[in-house]
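Student: File follows, upload.cif with mmCIF, C-alpha atoms:
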```
data_final
#
loop_
_atom_site.group_PDB
_atom_site.id
_atom_site.type_symbol
_atom_site.label_atom_id
_atom_site.label_comp_id
_atom_site.auth_asym_id
_atom_site.auth_seq_id
_atom_site.Cartn_x
_atom_site.Cartn_y
_atom_site.Cartn_z
ATOM 1 C CA MET A 1 19.303 110.118 19.744
ATOM 2 C CA GLY A 2 22.957 109.383 19.172
ATOM 3 C CA THR A 3 22.995 107.134 22.215
ATOM 4 C CA VAL A 4 20.675 104.693 20.491
ATOM 5 C CA LEU A 5 22.992 104.661 17.489
ATOM 6 C CA LEU A 6 25.858 103.541 19.683
ATOM 7 C CA THR A 7 24.111 100.213 20.017
ATOM 8 C CA ILE A 8 23.852 99.386 16.323
ATOM 9 C CA SER A 9 25.423 96.071 15.523
ATOM 10 C CA GLN A 10 25.214 93.391 12.877
ATOM 11 C CA PRO A 11 23.116 90.387 13.903
ATOM 12 C CA ALA A 12 25.436 87.405 13.618
ATOM 13 C CA SER A 13 22.985 84.776 12.497
ATOM 14 C CA LYS A 14 20.857 86.764 10.075
ATOM 15 C CA PRO A 15 21.324 86.844 6.301
ATOM 16 C CA VAL A 16 22.830 90.097 5.138
ATOM 17 C CA PRO A 17 20.492 92.122 2.891
ATOM 18 C CA ALA A 18 21.871 93.344 -0.403
ATOM 19 C CA TYR A 19 22.074 96.926 0.766
ATOM 20 C CA GLN A 20 24.241 95.916 3.710
ATOM 21 C CA ARG A 21 26.831 94.010 1.699
ATOM 22 C CA THR A 22 30.160 95.673 1.430
ATOM 23 C CA CYS A 23 32.909 95.228 -1.092
ATOM 24 C CA PRO A 24 36.659 95.899 -0.900
ATOM 25 C CA LEU A 25 36.083 99.251 -2.551
ATOM 26 C CA THR A 26 33.607 100.609 -0.006
ATOM 27 C CA ARG A 27 35.437 98.996 2.915
ATOM 28 C CA THR A 28 38.650 100.675 1.814
ATOM 29 C CA LEU A 29 36.956 104.038 1.437
ATOM 30 C CA ALA A 30 35.350 103.691 4.863
ATOM 31 C CA GLY A 31 38.690 102.785 6.369
ATOM 32 C CA GLN A 32 40.308 105.819 4.806
ATOM 33 C CA GLY A 33 37.555 108.036 6.116
ATOM 34 C CA TYR A 34 37.695 106.743 9.679
ATOM 35 C CA THR A 35 39.818 108.907 11.919
ATOM 36 C CA GLY A 36 38.933 107.541 15.318
ATOM 37 C CA ALA A 37 35.396 108.641 16.128
ATOM 38 C CA MET A 38 34.296 107.150 19.439
ATOM 39 C CA SER A 39 30.809 106.101 18.399
ATOM 40 C CA THR A 40 29.101 104.269 15.568
ATOM 41 C CA ALA A 41 27.112 107.377 14.738
ATOM 42 C CA GLY A 42 30.196 109.569 14.786
ATOM 43 C CA THR A 43 32.042 107.133 12.561
ATOM 44 C CA MET A 44 29.208 107.056 10.056
ATOM 45 C CA SER A 45 29.018 110.841 9.881
ATOM 46 C CA GLU A 46 32.781 111.089 9.574
ATOM 47 C CA VAL A 47 33.015 108.556 6.739
ATOM 48 C CA LEU A 48 30.136 110.099 4.814
ATOM 49 C CA GLN A 49 31.718 113.518 5.048
ATOM 50 C CA TYR A 50 35.010 112.068 3.840
ATOM 51 C CA LEU A 51 33.309 110.459 0.844
ATOM 52 C CA ARG A 52 31.507 113.653 -0.069
ATOM 53 C CA ASP A 53 34.711 115.654 0.188
ATOM 54 C CA ARG A 54 36.569 113.157 -1.991
ATOM 55 C CA VAL A 55 33.863 113.219 -4.639
ATOM 56 C CA ALA A 56 33.600 117.005 -4.605
ATOM 57 C CA ALA A 57 37.342 117.449 -4.973
ATOM 58 C CA ALA A 58 37.689 115.022 -7.879
ATOM 59 C CA THR A 59 37.228 116.018 -11.512
ATOM 60 C CA GLY A 60 36.371 112.433 -12.467
ATOM 61 C CA PRO A 61 35.782 109.158 -10.651
ATOM 62 C CA ILE A 62 37.713 109.040 -7.391
ATOM 63 C CA GLU A 63 40.664 106.686 -7.391
ATOM 64 C CA VAL A 64 40.849 103.992 -4.731
ATOM 65 C CA ARG A 65 43.787 101.644 -4.513
ATOM 66 C CA ASN A 66 44.213 98.504 -2.462
ATOM 67 C CA PRO A 67 46.096 99.587 0.678
ATOM 68 C CA ALA A 68 47.970 96.282 0.632
ATOM 69 C CA ASN A 69 48.796 96.403 -3.072
ATOM 70 C CA ASP A 70 49.149 99.816 -4.619
ATOM 71 C CA ASP A 71 49.082 98.362 -8.128
ATOM 72 C CA GLU A 72 45.513 97.169 -7.662
ATOM 73 C CA LEU A 73 42.983 99.827 -8.631
ATOM 74 C CA LEU A 74 39.845 98.941 -6.681
ATOM 75 C CA SER A 75 37.872 101.691 -8.380
ATOM 76 C CA GLU A 76 38.572 100.346 -11.826
ATOM 77 C CA GLN A 77 34.886 99.724 -12.438
ATOM 78 C CA TRP A 78 34.209 103.436 -12.060
ATOM 79 C CA GLU A 79 36.876 104.226 -14.652
ATOM 80 C CA LYS A 80 35.255 101.826 -17.090
ATOM 81 C CA SER A 81 31.630 102.627 -16.348
ATOM 82 C CA PRO A 82 30.548 106.249 -15.804
ATOM 83 C CA ALA A 83 27.069 104.912 -15.090
ATOM 84 C CA ALA A 84 28.389 102.904 -12.149
ATOM 85 C CA TYR A 85 30.099 105.989 -10.729
ATOM 86 C CA ARG A 86 26.935 108.038 -11.199
ATOM 87 C CA GLU A 87 25.062 105.312 -9.319
ATOM 88 C CA PHE A 88 27.583 105.507 -6.477
ATOM 89 C CA ASN A 89 27.121 109.277 -6.326
ATOM 90 C CA ARG A 90 23.366 108.894 -6.340
ATOM 91 C CA TRP A 91 23.583 106.380 -3.498
ATOM 92 C CA LEU A 92 25.956 108.622 -1.550
ATOM 93 C CA ALA A 93 23.593 111.591 -1.808
ATOM 94 C CA TRP A 94 20.624 109.442 -0.780
ATOM 95 C CA PHE A 95 22.432 107.817 2.147
ATOM 96 C CA THR A 96 23.813 111.129 3.375
ATOM 97 C CA ASN A 97 20.362 112.643 3.340
ATOM 98 C CA GLU A 98 18.849 109.664 5.162
ATOM 99 C CA TRP A 99 21.634 109.706 7.733
ATOM 100 C CA SER A 100 21.136 113.390 8.432
ATOM 101 C CA GLN A 101 17.490 112.579 9.165
ATOM 102 C CA VAL A 102 18.581 109.813 11.529
ATOM 103 C CA MET A 103 20.795 112.228 13.418
ATOM 104 C CA ALA A 104 17.962 114.757 13.634
ATOM 105 C CA ALA A 105 15.271 112.244 14.662
ATOM 106 C CA GLN A 106 13.306 113.458 17.673
ATOM 107 C CA ARG A 107 11.308 110.360 18.457
ATOM 108 C CA VAL A 108 12.154 106.699 18.838
ATOM 109 C CA PRO A 109 9.519 105.481 16.338
ATOM 110 C CA GLU A 110 10.894 107.926 13.772
ATOM 111 C CA LEU A 111 14.411 106.675 14.464
ATOM 112 C CA HIS A 112 13.174 103.111 14.089
ATOM 113 C CA ARG A 113 11.694 103.851 10.684
ATOM 114 C CA LEU A 114 14.799 105.629 9.424
ATOM 115 C CA LEU A 115 17.220 102.990 10.706
ATOM 116 C CA SER A 116 15.074 100.244 9.207
ATOM 117 C CA THR A 117 15.324 101.924 5.819
ATOM 118 C CA LEU A 118 19.104 102.104 6.025
ATOM 119 C CA PHE A 119 20.043 98.912 7.824
ATOM 120 C CA GLY A 120 16.962 96.710 7.952
ATOM 121 C CA GLU A 121 14.285 96.074 10.571
ATOM 122 C CA ASP A 122 16.315 93.643 12.664
ATOM 123 C CA VAL A 123 19.243 96.001 13.137
ATOM 124 C CA ALA A 124 16.920 98.895 14.012
ATOM 125 C CA ILE A 125 14.965 96.900 16.600
ATOM 126 C CA ASP A 126 18.158 95.419 18.008
ATOM 127 C CA ALA A 127 19.686 98.878 18.498
ATOM 128 C CA ILE A 128 16.606 100.260 20.235
ATOM 129 C CA LYS A 129 16.284 97.241 22.531
ATOM 130 C CA LYS A 130 19.945 97.364 23.447
ATOM 131 C CA HIS A 131 19.599 101.020 24.336
ATOM 132 C CA ALA A 132 16.580 100.245 26.498
ATOM 133 C CA ALA A 133 18.560 97.482 28.217
ATOM 134 C CA GLN A 134 21.439 99.855 28.881
ATOM 135 C CA THR A 135 18.989 102.376 30.291
ATOM 136 C CA MET A 136 17.592 99.691 32.583
ATOM 137 C CA ASP A 137 21.095 98.827 33.780
ATOM 138 C CA LEU A 138 21.712 102.479 34.615
ATOM 139 C CA ARG A 139 18.413 102.637 36.506
ATOM 140 C CA ARG A 140 19.236 99.561 38.545
ATOM 141 C CA SER A 141 22.652 100.888 39.464
ATOM 142 C CA SER A 142 21.253 104.351 40.318
ATOM 143 C CA GLN A 143 23.439 105.945 37.669
ATOM 144 C CA LEU A 144 20.623 107.307 35.519
ATOM 145 C CA LYS A 145 20.069 111.025 35.947
ATOM 146 C CA VAL A 146 17.706 113.528 34.430
ATOM 147 C CA GLN A 147 18.765 116.935 33.190
ATOM 148 C CA SER A 148 16.722 120.101 33.409
ATOM 149 C CA SER A 149 15.479 119.564 29.843
ATOM 150 C CA GLY A 150 14.166 116.137 30.793
ATOM 151 C CA ALA A 151 16.966 114.372 28.939
ATOM 152 C CA MET A 152 18.309 111.337 30.736
ATOM 153 C CA THR A 153 21.998 110.697 31.022
ATOM 154 C CA SER A 154 24.636 108.779 32.906
ATOM 155 C CA ALA A 155 26.671 111.991 33.152
ATOM 156 C CA ALA A 156 25.863 114.939 35.368
ATOM 157 C CA GLY A 157 22.191 115.640 35.847
ATOM 158 C CA ALA A 158 19.806 117.606 38.003
ATOM 159 C CA ALA A 159 18.361 114.535 39.735
ATOM 160 C CA VAL A 160 19.053 110.827 40.012
ATOM 161 C CA VAL A 161 16.187 108.702 38.735
ATOM 162 C CA ARG A 162 15.063 106.862 41.838
ATOM 163 C CA ALA A 163 13.760 103.321 41.796
ATOM 164 C CA ASN A 164 10.145 103.032 40.710
ATOM 165 C CA THR A 165 7.712 100.431 39.478
ATOM 166 C CA PHE A 166 5.423 101.220 36.570
ATOM 167 C CA TYR A 167 2.116 99.507 36.947
ATOM 168 C CA GLY A 168 -1.088 99.028 35.023
ATOM 169 C CA ASP A 169 -1.828 96.840 32.033
ATOM 170 C CA GLU A 170 1.080 95.836 29.866
ATOM 171 C CA MET B 1 19.979 122.318 44.917
ATOM 172 C CA ALA B 2 20.279 120.143 47.990
ATOM 173 C CA MET B 3 16.818 118.815 48.685
ATOM 174 C CA SER B 4 16.474 115.877 50.972
ATOM 175 C CA SER B 5 13.162 114.307 51.759
ATOM 176 C CA SER B 6 11.915 115.075 55.211
ATOM 177 C CA ARG B 7 8.990 113.222 56.722
ATOM 178 C CA ARG B 8 6.975 116.416 56.702
ATOM 179 C CA ASN B 9 4.478 116.742 53.884
ATOM 180 C CA LEU B 10 5.524 119.383 51.387
ATOM 181 C CA SER B 11 3.225 122.244 50.551
ATOM 182 C CA GLY B 12 2.276 123.106 46.996
ATOM 183 C CA ASP B 13 4.378 126.235 47.196
ATOM 184 C CA GLN B 14 7.408 124.255 48.298
ATOM 185 C CA GLN B 15 6.895 121.744 45.524
ATOM 186 C CA GLY B 16 6.388 124.462 42.925
ATOM 187 C CA ALA B 17 9.484 126.424 43.908
ATOM 188 C CA ALA B 18 11.670 123.338 43.815
ATOM 189 C CA LEU B 19 10.146 122.105 40.578
ATOM 190 C CA ARG B 20 10.602 125.390 38.760
ATOM 191 C CA SER B 21 14.117 125.884 40.064
ATOM 192 C CA VAL B 22 15.237 122.735 38.244
ATOM 193 C CA PHE B 23 12.757 122.292 35.392
ATOM 194 C CA LYS B 24 12.483 125.844 34.258
ATOM 195 C CA THR B 25 9.834 125.335 31.585
ATOM 196 C CA PHE B 26 7.260 124.482 34.245
ATOM 197 C CA ARG B 27 4.668 127.131 35.012
ATOM 198 C CA GLN B 28 2.037 127.060 37.707
ATOM 199 C CA VAL B 29 -1.429 127.077 36.177
ATOM 200 C CA ALA B 30 -3.508 126.455 39.312
ATOM 201 C CA ARG B 31 -2.991 126.905 43.033
ATOM 202 C CA GLY B 32 -4.857 125.222 45.858
ATOM 203 C CA ASN B 33 -6.181 121.741 45.679
ATOM 204 C CA PRO B 34 -4.737 120.768 43.359
ATOM 205 C CA TYR B 35 -1.692 122.778 42.537
ATOM 206 C CA VAL B 36 -1.081 122.316 38.827
ATOM 207 C CA TRP B 37 2.056 122.908 36.814
ATOM 208 C CA GLU B 38 2.672 122.505 33.109
ATOM 209 C CA GLY B 39 6.014 122.227 31.398
ATOM 210 C CA VAL B 40 7.920 120.671 28.551
ATOM 211 C CA LEU B 41 10.110 117.594 28.862
ATOM 212 C CA THR B 42 12.412 116.177 26.208
ATOM 213 C CA PRO B 43 13.594 112.815 27.502
ATOM 214 C CA MET B 44 16.583 111.087 25.920
ATOM 215 C CA GLY B 45 16.090 112.240 22.372
ATOM 216 C CA CYS B 46 12.327 111.923 22.603
ATOM 217 C CA GLY B 47 9.735 114.598 22.526
ATOM 218 C CA PRO B 48 9.261 117.380 23.297
ATOM 219 C CA TYR B 49 6.204 116.581 25.376
ATOM 220 C CA SER B 50 3.996 119.028 27.193
ATOM 221 C CA VAL B 51 3.231 117.594 30.630
ATOM 222 C CA ARG B 52 0.743 118.537 33.355
ATOM 223 C CA ILE B 53 1.336 117.634 37.005
ATOM 224 C CA ALA B 54 -1.450 118.007 39.546
ATOM 225 C CA TYR B 55 -0.448 117.910 43.220
ATOM 226 C CA TYR B 56 -2.999 117.468 45.980
ATOM 227 C CA PRO B 57 -1.162 118.440 49.177
ATOM 228 C CA GLY B 58 -1.378 115.607 51.620
ATOM 229 C CA LEU B 59 -4.328 113.966 49.905
ATOM 230 C CA VAL B 60 -3.624 111.689 46.970
ATOM 231 C CA ARG B 61 -0.716 110.888 44.742
ATOM 232 C CA PRO B 62 0.246 113.401 42.059
ATOM 233 C CA ARG B 63 -1.532 112.977 38.770
ATOM 234 C CA VAL B 64 0.433 113.260 35.556
ATOM 235 C CA THR B 65 -1.098 113.884 32.160
ATOM 236 C CA ILE B 66 0.684 114.123 28.849
ATOM 237 C CA VAL B 67 -0.956 117.122 27.218
ATOM 238 C CA ASP B 68 0.763 117.336 23.855
ATOM 239 C CA PRO B 69 1.235 115.372 21.758
ATOM 240 C CA VAL B 70 -1.717 113.266 22.845
ATOM 241 C CA LEU B 71 -0.742 109.706 23.698
ATOM 242 C CA VAL B 72 -1.902 107.237 21.088
ATOM 243 C CA PRO B 73 -2.165 103.452 21.177
ATOM 244 C CA ARG B 74 0.097 101.423 18.953
ATOM 245 C CA GLU B 75 -2.943 99.870 17.340
ATOM 246 C CA PRO B 76 -6.612 100.791 17.551
ATOM 247 C CA GLY B 77 -8.210 99.350 20.658
ATOM 248 C CA VAL B 78 -4.934 98.507 22.381
ATOM 249 C CA ARG B 79 -4.454 100.103 25.776
ATOM 250 C CA ILE B 80 -1.244 102.033 26.277
ATOM 251 C CA PRO B 81 0.858 100.225 28.890
ATOM 252 C CA HIS B 82 0.954 101.655 32.382
ATOM 253 C CA THR B 83 -1.843 104.131 32.002
ATOM 254 C CA PHE B 84 -5.063 104.618 33.917
ATOM 255 C CA LYS B 85 -8.347 104.375 32.108
ATOM 256 C CA SER B 86 -8.500 108.159 32.283
ATOM 257 C CA GLY B 87 -5.336 108.272 30.200
ATOM 258 C CA ARG B 88 -3.101 109.513 32.996
ATOM 259 C CA ILE B 89 0.177 107.692 33.270
ATOM 260 C CA CYS B 90 1.042 105.213 36.040
ATOM 261 C CA LEU B 91 4.481 105.936 37.391
ATOM 262 C CA HIS B 92 4.898 104.171 40.704
ATOM 263 C CA LEU B 93 3.396 101.968 43.350
ATOM 264 C CA ASN B 94 1.686 103.600 46.293
ATOM 265 C CA GLU B 95 4.521 102.783 48.661
ATOM 266 C CA GLU B 96 7.120 104.326 46.364
ATOM 267 C CA TRP B 97 5.916 107.881 46.811
ATOM 268 C CA GLU B 98 4.791 110.000 49.751
ATOM 269 C CA PRO B 99 3.994 113.727 50.072
ATOM 270 C CA SER B 100 7.325 114.399 51.754
ATOM 271 C CA MET B 101 9.065 113.654 48.462
ATOM 272 C CA TYR B 102 9.804 116.352 45.950
ATOM 273 C CA LEU B 103 8.120 116.117 42.567
ATOM 274 C CA HIS B 104 11.253 117.190 40.739
ATOM 275 C CA GLN B 105 13.196 114.316 42.283
ATOM 276 C CA THR B 106 10.592 111.635 41.743
ATOM 277 C CA ILE B 107 7.559 112.290 39.575
ATOM 278 C CA VAL B 108 9.355 114.296 36.887
ATOM 279 C CA PRO B 109 12.255 111.844 36.375
ATOM 280 C CA TRP B 110 9.781 108.956 36.324
ATOM 281 C CA THR B 111 7.691 110.814 33.752
ATOM 282 C CA CYS B 112 10.762 111.236 31.539
ATOM 283 C CA LEU B 113 11.462 107.554 31.881
ATOM 284 C CA TRP B 114 7.855 106.647 31.112
ATOM 285 C CA LEU B 115 7.903 108.764 27.943
ATOM 286 C CA TYR B 116 11.086 107.113 26.766
ATOM 287 C CA TYR B 117 9.643 103.615 27.248
ATOM 288 C CA TYR B 118 6.400 104.714 25.604
ATOM 289 C CA GLU B 119 8.309 105.619 22.455
ATOM 290 C CA VAL B 120 10.323 102.405 22.615
ATOM 291 C CA TRP B 121 7.027 100.520 22.943
ATOM 292 C CA HIS B 122 5.730 102.226 19.829
ATOM 293 C CA ALA B 123 8.870 101.232 17.917
ATOM 294 C CA THR B 124 9.291 97.674 19.161
ATOM 295 C CA GLY B 125 5.885 96.595 20.433
ATOM 296 C CA GLU B 126 7.396 95.762 23.826
ATOM 297 C CA TRP B 127 7.287 97.690 27.085
ATOM 298 C CA LEU B 128 10.903 97.434 28.184
ATOM 299 C CA GLY B 129 10.658 99.536 31.327
ATOM 300 C CA GLY B 130 9.547 96.782 33.656
ATOM 301 C CA GLY B 131 6.759 97.179 36.187
ATOM 302 C CA HIS B 132 3.634 95.333 37.126
ATOM 303 C CA GLY B 133 2.241 93.271 34.295
ATOM 304 C CA ALA B 134 -0.648 91.020 33.550
ATOM 305 C CA ALA B 135 0.141 88.887 36.596
ATOM 306 C CA ASN B 136 -0.633 91.885 38.767
ATOM 307 C CA ASP B 137 -3.783 92.986 37.035
ATOM 308 C CA GLN B 138 -5.687 92.938 40.322
ATOM 309 C CA VAL B 139 -3.208 95.386 41.794
ATOM 310 C CA SER B 140 -3.640 97.568 38.744
ATOM 311 C CA ALA B 141 -7.386 97.340 38.860
ATOM 312 C CA ASP B 142 -7.453 98.232 42.537
ATOM 313 C CA ILE B 143 -5.274 101.264 42.011
ATOM 314 C CA ASP B 144 -7.206 102.218 38.911
ATOM 315 C CA SER B 145 -10.495 102.188 40.772
ATOM 316 C CA LYS B 146 -9.040 104.305 43.580
ATOM 317 C CA GLU B 147 -7.737 106.790 41.042
ATOM 318 C CA GLN B 148 -11.117 107.096 39.400
ATOM 319 C CA ALA B 149 -12.753 107.782 42.756
#
```
Is it possible to express this structure as structure tokens?

Tutor:
Amino acid sequence: MGTVLLTISQPASKPVPAYQRTCPLTRTLAGQGYTGAMSTAGTMSEVLQYLRDRVAAATGPIEVRNPANDDELLSEQWEKSPAAYREFNRWLAWFTNEWSQVMAAQRVPELHRLLSTLFGEDVAIDAIKKHAAQTMDLRRSSQLKVQSSGAMTSAAGAAVVRANTFYGDE
Amino acid sequence: MAMSSSRRNLSGDQQGAALRSVFKTFRQVARGNPYVWEGVLTPMGCGPYSVRIAYYPGLVRPRVTIVDPVLVPREPGVRIPHTFKSGRICLHLNEEWEPSMYLHQTIVPWTCLWLYYYEVWHATGEWLGGGHGAANDQVSADIDSKEQA
């Protein structure tokens, strides 16, 4: 299901829901946690693991400084408000759990539901449609193959998916 | 396995051997007319689905049924795209398949593709796999009636 997650992107013209807004603090943490994963899904897993490791290793609120100005403590709010830091930890545990379900999803409708919870309906639908479009491109260029499990791939496979035309009511 | 289509119709035994050499979960459950195999396919993160393929040597096109989980409409009363009234799935036009073609190179990959688009349809409400649509209903109806015969 990771291939669908590669297609996640932010719709340019849509308002950003509250849960998608980022702040300098979370952006900085995400940047620190990113070590070059090749995919969106890999990046998300990598950053979440980094956050969990940072939290687990700290005896109090983790300290995050502005990379461009070391004197600026971006995590100051967590120093001042234990409740805010507890809320961050609660969110991190919830998001990590939801993300692990995304990565384990076995069906597209299940993936749609989970992605909608995390990123909103538009992003989820957009990702699934983009993946379907990419699959269609592979079909048309005879690059889509099927493996012995039935999984389809653009890499090595047991058989190329030949051209076909589904018919019947749409 | 190097399998090229010859113009000679393939026997059920030939189809079965080739099918099971690639898709190893498939087991033969009937032999004769039709030959029937059942196996499990897990297309592109979907599934797994238990699938039944019935092959009528030299007679009619193979018939594919999704055994488990049972296919369900997105909403009550809505027909699942690209299915026959019997519930079997519609994979190709008549001219796109002939009995000299191997099932494992045609019918099985198309079934995987169909299952993927079926799940995408459930998620998005749109069939994104292309194919004949409402404008070709007469074609569909004609094929449907032949299949029911």

Student: Would you mind listing, for every residue of chain A within 9 Å of chain B, the two atoms forming the shortest contact and the distance between them in Å to one decimal, using all atoms listed in the file, sorted by chain and ascending residue number, as JSON lines?

Tutor:
```
{"residue": "A:Met1", "atom": "CA", "partner": "B:Gly45", "partner_atom": "CA", "distance": 4.7}
{"residue": "A:Gly2", "atom": "CA", "partner": "B:Gly45", "partner_atom": "CA", "distance": 8.1}
{"residue": "A:Thr3", "atom": "CA", "partner": "B:Met44", "partner_atom": "CA", "distance": 8.4}
{"residue": "A:Ala105", "atom": "CA", "partner": "B:Gly45", "partner_atom": "CA", "distance": 7.8}
{"residue": "A:Gln106", "atom": "CA", "partner": "B:Cys46", "partner_atom": "CA", "distance": 5.3}
{"residue": "A:Arg107", "atom": "CA", "partner": "B:Cys46", "partner_atom": "CA", "distance": 4.5}
{"residue": "A:Val108", "atom": "CA", "partner": "B:Glu119", "partner_atom": "CA", "distance": 5.4}
{"residue": "A:Pro109", "atom": "CA", "partner": "B:Ala123", "partner_atom": "CA", "distance": 4.6}
{"residue": "A:Glu110", "atom": "CA", "partner": "B:Ala123", "partner_atom": "CA", "distance": 8.1}
{"residue": "A:Leu111", "atom": "CA", "partner": "B:Ala123", "partner_atom": "CA", "distance": 8.5}
{"residue": "A:His112", "atom": "CA", "partner": "B:Ala123", "partner_atom": "CA", "distance": 6.1}
{"residue": "A:Arg113", "atom": "CA", "partner": "B:Ala123", "partner_atom": "CA", "distance": 8.2}
{"residue": "A:Ile125", "atom": "CA", "partner": "B:Thr124", "partner_atom": "CA", "distance": 6.3}
{"residue": "A:Ile128", "atom": "CA", "partner": "B:Val120", "partner_atom": "CA", "distance": 7.1}
{"residue": "A:Lys129", "atom": "CA", "partner": "B:Thr124", "partner_atom": "CA", "distance": 7.8}
{"residue": "A:Ala132", "atom": "CA", "partner": "B:Leu128", "partner_atom": "CA", "distance": 6.6}
{"residue": "A:Ala133", "atom": "CA", "partner": "B:Leu128", "partner_atom": "CA", "distance": 7.7}
{"residue": "A:Thr135", "atom": "CA", "partner": "B:Gly129", "partner_atom": "CA", "distance": 8.9}
{"residue": "A:Met136", "atom": "CA", "partner": "B:Gly129", "partner_atom": "CA", "distance": 7.0}
{"residue": "A:Lys145", "atom": "CA", "partner": "B:Pro109", "partner_atom": "CA", "distance": 7.9}
{"residue": "A:Val146", "atom": "CA", "partner": "B:Pro109", "partner_atom": "CA", "distance": 6.0}
{"residue": "A:Gln147", "atom": "CA", "partner": "B:Phe23", "partner_atom": "CA", "distance": 8.3}
{"residue": "A:Ser148", "atom": "CA", "partner": "B:Phe23", "partner_atom": "CA", "distance": 4.9}
{"residue": "A:Ser149", "atom": "CA", "partner": "B:Leu41", "partner_atom": "CA", "distance": 5.8}
{"residue": "A:Gly150", "atom": "CA", "partner": "B:Pro43", "partner_atom": "CA", "distance": 4.7}
{"residue": "A:Ala151", "atom": "CA", "partner": "B:Pro43", "partner_atom": "CA", "distance": 4.0}
{"residue": "A:Met152", "atom": "CA", "partner": "B:Met44", "partner_atom": "CA", "distance": 5.1}
{"residue": "A:Thr153", "atom": "CA", "partner": "B:Met44", "partner_atom": "CA", "distance": 7.5}
{"residue": "A:Ala158", "atom": "CA", "partner": "B:Val22", "partner_atom": "CA", "distance": 6.9}
{"residue": "A:Ala159", "atom": "CA", "partner": "B:Gln105", "partner_atom": "CA", "distance": 5.8}
{"residue": "A:Val160", "atom": "CA", "partner": "B:Gln105", "partner_atom": "CA", "distance": 7.2}
{"residue": "A:Val161", "atom": "CA", "partner": "B:Pro109", "partner_atom": "CA", "distance": 5.6}
{"residue": "A:Arg162", "atom": "CA", "partner": "B:Thr106", "partner_atom": "CA", "distance": 6.5}
{"residue": "A:Ala163", "atom": "CA", "partner": "B:Glu96", "partner_atom": "CA", "distance": 8.1}
{"residue": "A:Asn164", "atom": "CA", "partner": "B:His92", "partner_atom": "CA", "distance": 5.4}
{"residue": "A:Thr165", "atom": "CA", "partner": "B:Gly131", "partner_atom": "CA", "distance": 4.7}
{"residue": "A:Phe166", "atom": "CA", "partner": "B:Gly131", "partner_atom": "CA", "distance": 4.3}
{"residue": "A:Tyr167", "atom": "CA", "partner": "B:His132", "partner_atom": "CA", "distance": 4.4}
{"residue": "A:Gly168", "atom": "CA", "partner": "B:His82", "partner_atom": "CA", "distance": 4.2}
{"residue": "A:Asp169", "atom": "CA", "partner": "B:Pro81", "partner_atom": "CA", "distance": 5.3}
{"residue": "A:Glu170", "atom": "CA", "partner": "B:Pro81", "partner_atom": "CA", "distance": 4.5}
```

Student: Suppose you want the space between CA of Ala58 (chain A) and CA of Leu118 (chain A); what is it in Å?

Tutor: 26.6 Å

Student: Apply the PyMOL selection byres ((chain A and resi 75-79) around 9) to the file shown and report the selected residues as a list of chain:residue names.

Tutor: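 So the PyMOL selection byres ((chain A and resi 75-79) around 9) ends up selecting A:Leu25, A:Gly60, A:Pro61, A:Ile62, A:Glu63, A:Val64, A:Arg65, A:Glu72, A:Leu73, A:Leu74, A:Lys80, A:Ser81, A:Pro82, A:Ala83, A:Ala84, A:Tyr85, A:Arg86, A:Phe88.
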
Student: Please provide as a list of chain:residue names all residues within 10 Å of Tyr56 (chain B), with the sequence filter that same-chain residues fewer than 2 positions apart are discarded (counting all atoms listed in the file).

Tutor: B:Ser11, B:Gly12, B:Arg31, B:Gly32, B:Asn33, B:Pro34, B:Tyr35, B:Val36, B:Ile53, B:Ala54, B:Gly58, B:Leu59, B:Val60, B:Arg61, B:Pro62, B:Arg63, B:Pro99

Student: Kindly give the distance, in Å, that separates CA of Gln101 (chain A) and CA of Ala57 (chain A), rounded to a single decimal.

Tutor: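 Computing the Euclidean distance for CA of Gln101 (chain A) and CA of Ala57 (chain A) yields 24.9 Å.
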
Student: Calculated over only C-alpha atoms, which of the candidates A:Thr35, A:Ser141, A:Cys23, A:Ser45 has the smallest distance to Met103 (chain A)?

Tutor: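 Using only C-alpha atoms, the shortest distance to Met103 (chain A) belongs to A:Ser45.
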
Student: For CA of Tyr50 (chain A) and CA of Met38 (chain A), quote the distance in Å rounded to one decimal.

Tutor: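 Calculated distance between CA of Tyr50 (chain A) and CA of Met38 (chain A) is 16.4 Å.
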
Student: Using all atoms listed in the file for the distances, tell me which of A:Gln134, A:Thr28, A:Thr117, A:Gln143 is nearest to Trp99 (chain A).

Tutor: A:Thr117

Student: For the structure shown, which residues end up in the PyMOL selection byres ((chain B and resi 10) around 9)? Put them as a list in words, please?

Tutor: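 This file, filtered by the PyMOL selection byres ((chain B and resi 10) around 9), leaves Ser6, Arg7, Arg8, Asn9, Ser11, Gly12, Asp13, Gln14, Gln15, Pro57, Gly58, Pro99, Ser100, Met101 and Tyr102 of chain B.
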